[in-house]
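The structure appears right after this line, and notes come after that.
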Amino acid sequence: MKKKKVKMKKRGIFSAFSIILLLILMPGVYSIYGENVYSGTVEDKDLIEVSGKAFKFRIDSVSNKVIADIIDDVAVIISGGECKIAGNFNICISNISFSYRNLEDYTDVYKTFVNIYQIKAKLDITNTIGKNNILIDEETTAELIIENTAGITAEDVVASIKIPSSVLVTDTEGCKKTSGSIIFRGDVHSAQIRKCTYKIRGLAGNDFDLTADVSYFDGIEKINATSNIISGKVYNYSLEISYKLNKSKLDIYEKFDLIIDIENINDQYDLRITNFKIKIPEKLLIIKKPKEVTQNNQMISWGGTLAPNANKEFLLELQGNRAASYTVVTEASYKITTFSRSAKKESDIEIYCDCPSIQHVFLQQITVPDQRVRLNAYMKNPSSDNDFLNVKIDYHTNIPGVQDYSKAYGQIRSLETITIFDSSIITPPLDEIYYFNITATYESASNQIFIARDNIIIEIPKVEETKVEEVIDEETLIGEEQEIEEEKQEESEEVLLGTEETREIVDESEKRETSEEEILVTTLEDEKESPIKAFTIIAYIAASIFILIILVIFKRKKSKKPEKVKNATGNELRSNIRGEKMQMIKESLSGIFRKKDNKSTKTDYGLSEDIEYRELEKQIRGIGIPPENEKQTKGFFGKIFRKK
């Protein structure tokens, strides 16, 4: 009984082990065979097409086997319940059984169930690295692993890893380093593992990523894949030095604070600082320093350890007694793990001098030559804390009547002003320059010598010339206009016009001409019209007047001129004389007409009457009244050219 129990126990253990082994192997088997492209029942001698290939099956019921023949490729014998690979296909046979009896040749026909899987190559791609975070100059090993888990070869495999700028690739195995990348090329057979091993060294502080881009042919098509991503970091030199001043502008003798901060920016490693030195320039006095440092003349030293992300400040109180630019130099030697490091940082400190300066002012504005203006020049100390010693002031000038000058002062106190020159001078002629050059020297309490200058230039400012094409004075134009009107009045007095209507027309013409001249004057005054247009208007008016005068002269020559009547008292006197003449002429005409009505024969008296009538007619025409039997010429020019 005990033996049977032992045997049964052993069989149970074996069965359990077998089941576990099958469970382990099953996923691998299914992952190898890939995609199912056919599933169905076939009979003996059947021919089917699958994925572009012709399959023919022969079934042997006695041996319980099936011959699967891929036409023009390969044939395999598969037992019932088994699978075999033929080309890129995995063929599985199951359930061989009787189908029917062929009555023609009295043979039995058998059938079987067939599963056909098209096999594809499948790659697993993995990136690994020995250490994700490294220091500058520190090395670590990285590896790219390519495994084919399928039953056929993965062809034309190309894997590329881009090299980050923060690392340097030193050694490669199983792959090659090219410009900026690591490249793997080749085939990976079924169940084969290929490796690409390379070393990287920290080059510059920065984060980095490593990833592989892979392409291959899986037996059916081209596949693109990507590996996992490795993230890492290259630590910088880890010790960071910074400076800070408590004031933006520093005056001489002013005390100020200089803060020097050191920080371990590495978040994993301690920094063991073996020698930390701060070098202070000679002319900067060290007033105070931290207790934990040591001082040797102008050199301050310290040593210690900084934990990850820790910092330490050094507060120094300094004083600059001379105006200048100073450079503070900080140097450090330290270790991080086994790597020795060094750091150096410089900072410039500018010490200014709120020193006396020379200033000047003219109390009047310079405008013309030989102008008397007052010049005030002085030296002012703007500092509220510092006095300056051994002040010497002199000036040189070419201004007439002003002599060169020099004077020394023992000191100039804080906020004090020294008058250098305060007097009237004469400005130079046009295009000449006078100079007044002042120089002052003085010393600070630390015997630093300063020089101040002020070179004063005196000249007449040049007025920018403005191009004026033509400027016409209003008064001149008005005067010319009055002269033209007087000339016209004299001409009108010399020429007796026929009627008052003619005079009114002429007056209207003169008004129009005067209006045009006034428009011209206004236009020129406003400078809104060009000189060419102004000249055109003037020429037009002159031409009109000239033509009018010619026409009047022509008319006077054509007719017999009456005796000139000069109007000594103006229009009123001329009107009275004309009225008297009209009355006399009317009386004479009435007497002559009465004589004619008597119808007397022609005698010497009648001849004298005719002569008298003609003389009266001439006078009538002379004053512009046409005879009763003569038709009057209408229009302005008709009145001028009518016969007298």
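Going through the structure tokens in order, the chains are called A, B, and so on, while each chain numbers its residues from 1 and the ligands are numbered from 1 in the order shown.
Residues in contact range of stretch 375-391 of chain A, defined as at most 6 Å between only C-alpha atoms, with sequence neighbours fewer than 2 positions away removed, read Asp354, Pro356, Ser357, Ile358, Gln359, His360, Val361, Phe362, Ala408, Tyr409, Gly410, Gln411, Ile412, Arg413, Ser414, Leu415, Glu416, Thr417, Ile418, Thr419, Ile420, Phe421, Asp422, Ser423, Thr441, Tyr442, Glu443 and Ser444 of chain A.
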Write out as a tab-separated table a residue-level contact list of stretch 83-172 of chain A versus stretch 34-43 of chain A with cut-off 9 Å: for each qualifying residue the closest pair of atoms and the distance in Å to one decimal, counting only C-alpha atoms, rows sorted by chain and residue number upward.
```
residue	atom	partner	partner_atom	distance
A:Asn90	CA	A:Gly34	CA	8.8
A:Ser99	CA	A:Glu43	CA	7.7
A:Val109	CA	A:Glu43	CA	7.2
A:Tyr110	CA	A:Glu43	CA	5.9
A:Lys111	CA	A:Glu43	CA	4.2
A:Thr112	CA	A:Thr41	CA	5.6
A:Phe113	CA	A:Thr41	CA	4.3
A:Val114	CA	A:Gly40	CA	5.5
A:Asn115	CA	A:Ser39	CA	4.5
A:Ile116	CA	A:Tyr38	CA	5.0
A:Tyr117	CA	A:Asn36	CA	4.2
A:Gln118	CA	A:Glu35	CA	5.3
A:Ile119	CA	A:Gly34	CA	4.9
A:Lys120	CA	A:Gly34	CA	5.8
A:Ala121	CA	A:Gly34	CA	8.4
A:Lys122	CA	A:Gly34	CA	8.9
A:Ala150	CA	A:Gly34	CA	7.7
A:Gly151	CA	A:Gly34	CA	8.8
```
Residues just named, written with all heavy atoms as a short mmCIF file (atom, residue, chain, number, x, y, z; two decimals), in the first residue's frame:
```
data_model
loop_
_atom_site.label_atom_id
_atom_site.label_comp_id
_atom_site.auth_asym_id
_atom_site.auth_seq_id
_atom_site.Cartn_x
_atom_site.Cartn_y
_atom_site.Cartn_z
N ASN A 90 2.84 27.95 -40.72
CA ASN A 90 2.78 26.88 -39.73
C ASN A 90 1.44 26.17 -39.92
O ASN A 90 0.37 26.78 -39.76
CB ASN A 90 2.90 27.45 -38.32
CG ASN A 90 3.01 26.37 -37.29
OD1 ASN A 90 3.83 25.46 -37.42
ND2 ASN A 90 2.16 26.42 -36.27
N SER A 99 -14.87 10.45 -44.56
CA SER A 99 -15.79 11.43 -45.09
C SER A 99 -16.91 10.75 -45.89
O SER A 99 -18.07 10.89 -45.54
CB SER A 99 -15.05 12.44 -45.98
OG SER A 99 -15.94 13.37 -46.53
N VAL A 109 -12.93 8.04 -48.87
CA VAL A 109 -12.37 9.41 -48.85
C VAL A 109 -12.38 9.90 -47.40
O VAL A 109 -13.43 9.83 -46.73
CB VAL A 109 -13.17 10.36 -49.75
CG1 VAL A 109 -12.61 11.78 -49.65
CG2 VAL A 109 -13.20 9.87 -51.19
N TYR A 110 -11.20 10.43 -46.97
CA TYR A 110 -11.07 10.91 -45.59
C TYR A 110 -10.91 12.45 -45.61
O TYR A 110 -10.51 13.06 -46.61
CB TYR A 110 -9.86 10.27 -44.91
CG TYR A 110 -10.08 8.80 -44.63
CD1 TYR A 110 -9.82 7.83 -45.61
CD2 TYR A 110 -10.55 8.39 -43.39
CE1 TYR A 110 -10.03 6.48 -45.35
CE2 TYR A 110 -10.76 7.03 -43.14
CZ TYR A 110 -10.50 6.09 -44.11
OH TYR A 110 -10.72 4.78 -43.86
N LYS A 111 -11.22 12.98 -44.44
CA LYS A 111 -11.14 14.45 -44.28
C LYS A 111 -10.39 14.77 -42.98
O LYS A 111 -10.25 13.91 -42.10
CB LYS A 111 -12.51 15.08 -44.25
CG LYS A 111 -13.39 14.60 -43.11
CD LYS A 111 -14.75 15.23 -43.14
CE LYS A 111 -15.62 14.72 -41.95
NZ LYS A 111 -16.96 15.31 -41.93
N THR A 112 -9.94 16.05 -42.90
CA THR A 112 -9.24 16.52 -41.69
C THR A 112 -9.49 18.02 -41.52
O THR A 112 -9.79 18.74 -42.49
CB THR A 112 -7.73 16.24 -41.77
OG1 THR A 112 -7.13 16.61 -40.53
CG2 THR A 112 -7.07 17.05 -42.88
N PHE A 113 -9.31 18.49 -40.30
CA PHE A 113 -9.46 19.93 -40.01
C PHE A 113 -8.06 20.57 -40.02
O PHE A 113 -7.15 20.09 -39.35
CB PHE A 113 -10.13 20.14 -38.65
CG PHE A 113 -10.54 21.57 -38.41
CD1 PHE A 113 -11.72 22.08 -38.92
CD2 PHE A 113 -9.72 22.43 -37.69
CE1 PHE A 113 -12.08 23.38 -38.70
CE2 PHE A 113 -10.07 23.74 -37.47
CZ PHE A 113 -11.27 24.23 -37.99
N VAL A 114 -7.92 21.69 -40.77
CA VAL A 114 -6.61 22.32 -40.97
C VAL A 114 -6.64 23.79 -40.47
O VAL A 114 -7.59 24.53 -40.79
CB VAL A 114 -6.19 22.29 -42.45
CG1 VAL A 114 -4.85 22.99 -42.64
CG2 VAL A 114 -6.14 20.87 -42.97
N ASN A 115 -5.60 24.18 -39.72
CA ASN A 115 -5.33 25.59 -39.36
C ASN A 115 -3.98 25.99 -39.96
O ASN A 115 -2.98 25.32 -39.73
CB ASN A 115 -5.27 25.78 -37.85
CG ASN A 115 -6.66 25.93 -37.25
OD1 ASN A 115 -7.47 26.67 -37.75
ND2 ASN A 115 -6.93 25.18 -36.19
N ILE A 116 -3.99 27.09 -40.74
CA ILE A 116 -2.75 27.58 -41.34
C ILE A 116 -2.45 28.97 -40.77
O ILE A 116 -3.29 29.88 -40.83
CB ILE A 116 -2.85 27.65 -42.87
CG1 ILE A 116 -3.19 26.26 -43.44
CG2 ILE A 116 -1.57 28.18 -43.49
CD1 ILE A 116 -3.42 26.24 -44.92
N TYR A 117 -1.25 29.12 -40.22
CA TYR A 117 -0.80 30.39 -39.64
C TYR A 117 0.34 30.96 -40.49
O TYR A 117 1.26 30.23 -40.85
CB TYR A 117 -0.31 30.18 -38.20
CG TYR A 117 -1.36 29.66 -37.26
CD1 TYR A 117 -1.55 28.28 -37.10
CD2 TYR A 117 -2.15 30.52 -36.54
CE1 TYR A 117 -2.52 27.80 -36.24
CE2 TYR A 117 -3.12 30.03 -35.66
CZ TYR A 117 -3.30 28.68 -35.53
OH TYR A 117 -4.26 28.19 -34.67
N GLN A 118 0.24 32.23 -40.80
CA GLN A 118 1.34 32.88 -41.52
C GLN A 118 2.31 33.44 -40.48
O GLN A 118 1.94 34.25 -39.63
CB GLN A 118 0.83 34.02 -42.42
CG GLN A 118 1.92 34.58 -43.32
CD GLN A 118 1.35 35.47 -44.42
OE1 GLN A 118 0.30 36.06 -44.23
NE2 GLN A 118 2.00 35.53 -45.55
N ILE A 119 3.54 33.01 -40.55
CA ILE A 119 4.53 33.36 -39.55
C ILE A 119 5.13 34.73 -39.88
O ILE A 119 5.50 35.00 -41.02
CB ILE A 119 5.63 32.30 -39.47
CG1 ILE A 119 5.02 30.93 -39.16
CG2 ILE A 119 6.67 32.67 -38.42
CD1 ILE A 119 6.01 29.80 -39.25
N LYS A 120 5.27 35.62 -38.85
CA LYS A 120 5.91 36.93 -38.98
C LYS A 120 7.04 37.03 -37.97
O LYS A 120 6.93 36.53 -36.86
CB LYS A 120 4.92 38.06 -38.73
CG LYS A 120 3.79 38.16 -39.73
CD LYS A 120 2.89 39.34 -39.38
CE LYS A 120 1.76 39.47 -40.38
NZ LYS A 120 0.86 40.61 -40.05
N ALA A 121 8.10 37.69 -38.38
CA ALA A 121 9.19 37.96 -37.44
C ALA A 121 8.73 39.02 -36.45
O ALA A 121 8.03 39.97 -36.80
CB ALA A 121 10.42 38.42 -38.18
N LYS A 122 9.12 38.87 -35.19
CA LYS A 122 8.75 39.82 -34.16
C LYS A 122 9.96 40.09 -33.28
O LYS A 122 10.56 39.16 -32.74
CB LYS A 122 7.61 39.26 -33.32
CG LYS A 122 7.07 40.26 -32.29
CD LYS A 122 5.87 39.67 -31.60
CE LYS A 122 5.22 40.69 -30.66
NZ LYS A 122 6.10 41.14 -29.61
N ALA A 150 9.96 35.32 -32.94
CA ALA A 150 9.16 34.60 -33.92
C ALA A 150 9.95 33.44 -34.51
O ALA A 150 11.12 33.22 -34.17
CB ALA A 150 8.70 35.55 -35.02
N GLY A 151 9.29 32.69 -35.41
CA GLY A 151 9.91 31.49 -35.97
C GLY A 151 10.64 31.72 -37.25
O GLY A 151 11.20 30.76 -37.81
#
```
Residue contacts of A:Val157 (9 Å, only C-alpha atoms) excluding same-chain residues fewer than 3 positions away, as number ranges by chain:
A: 154, 184-188, 214-217
Atom CA of A:Ala310 to atom CA of A:Ile265, straight-line distance in Å
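That distance, rounded to one decimal, is 7.5 Å.
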Skip stretch 218-230 of chain A itself and residues of its chain fewer than 2 positions away, then list as a list in words all residues within 9 Å of it, counting only C-alpha atoms.
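These residues fall inside the cut-off: Asn88, Ile119, Lys120, Ala121, Lys122, Leu123, Asp124, Ile125, Thr126, Asn127, Thr128, Ile129, Asn132, Leu144, Ile152, Thr153, Ala154, Glu155, Ala159, Phe208, Asp209, Leu210, Thr211, Ala212, Asp213, Val214, Ser215, Tyr216 and Gly232 of chain A.
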Could you state the separation of atom CA of A:Ala191 and atom CA of A:Asp156 in Å, given to one decimal place?
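Value for the atom CA of A:Ala191-atom CA of A:Asp156 distance: 16.2 Å.
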With DSSP run on the backbone, what are the strand (DSSP E or B) residues within stretch 401-434 of chain A? I'd like them as a count of residues only.
20
Show which residues sit within 6 Å of stretch 280-291 of chain A, as a short mmCIF file (atom, residue, chain, number, x, y, z; two decimals) with N, CA and C atoms, in the first residue's frame. Count only C-alpha atoms, and ignore same-chain residues fewer than 4 positions away.
```
data_model
loop_
_atom_site.label_atom_id
_atom_site.label_comp_id
_atom_site.auth_asym_id
_atom_site.auth_seq_id
_atom_site.Cartn_x
_atom_site.Cartn_y
_atom_site.Cartn_z
N GLN A 298 45.53 89.97 2.05
CA GLN A 298 44.28 90.18 1.32
C GLN A 298 43.65 88.86 0.87
N LEU A 316 31.46 89.84 3.71
CA LEU A 316 32.65 90.67 3.91
C LEU A 316 32.24 92.13 3.88
N GLU A 317 32.75 92.92 4.83
CA GLU A 317 32.56 94.37 4.81
C GLU A 317 33.84 95.01 4.32
N LEU A 318 33.73 95.79 3.24
CA LEU A 318 34.89 96.37 2.57
C LEU A 318 34.73 97.88 2.46
N GLN A 319 35.85 98.53 2.13
CA GLN A 319 35.84 99.97 1.91
C GLN A 319 36.85 100.32 0.83
N GLY A 320 36.42 101.15 -0.13
CA GLY A 320 37.31 101.60 -1.21
C GLY A 320 37.70 103.04 -1.01
N VAL A 328 37.43 91.15 -7.72
CA VAL A 328 37.52 90.17 -6.64
C VAL A 328 37.51 88.78 -7.28
#
```
Between atom CA of A:Gly304 and atom CA of A:Asp207 lies a distance of 28.4 Å
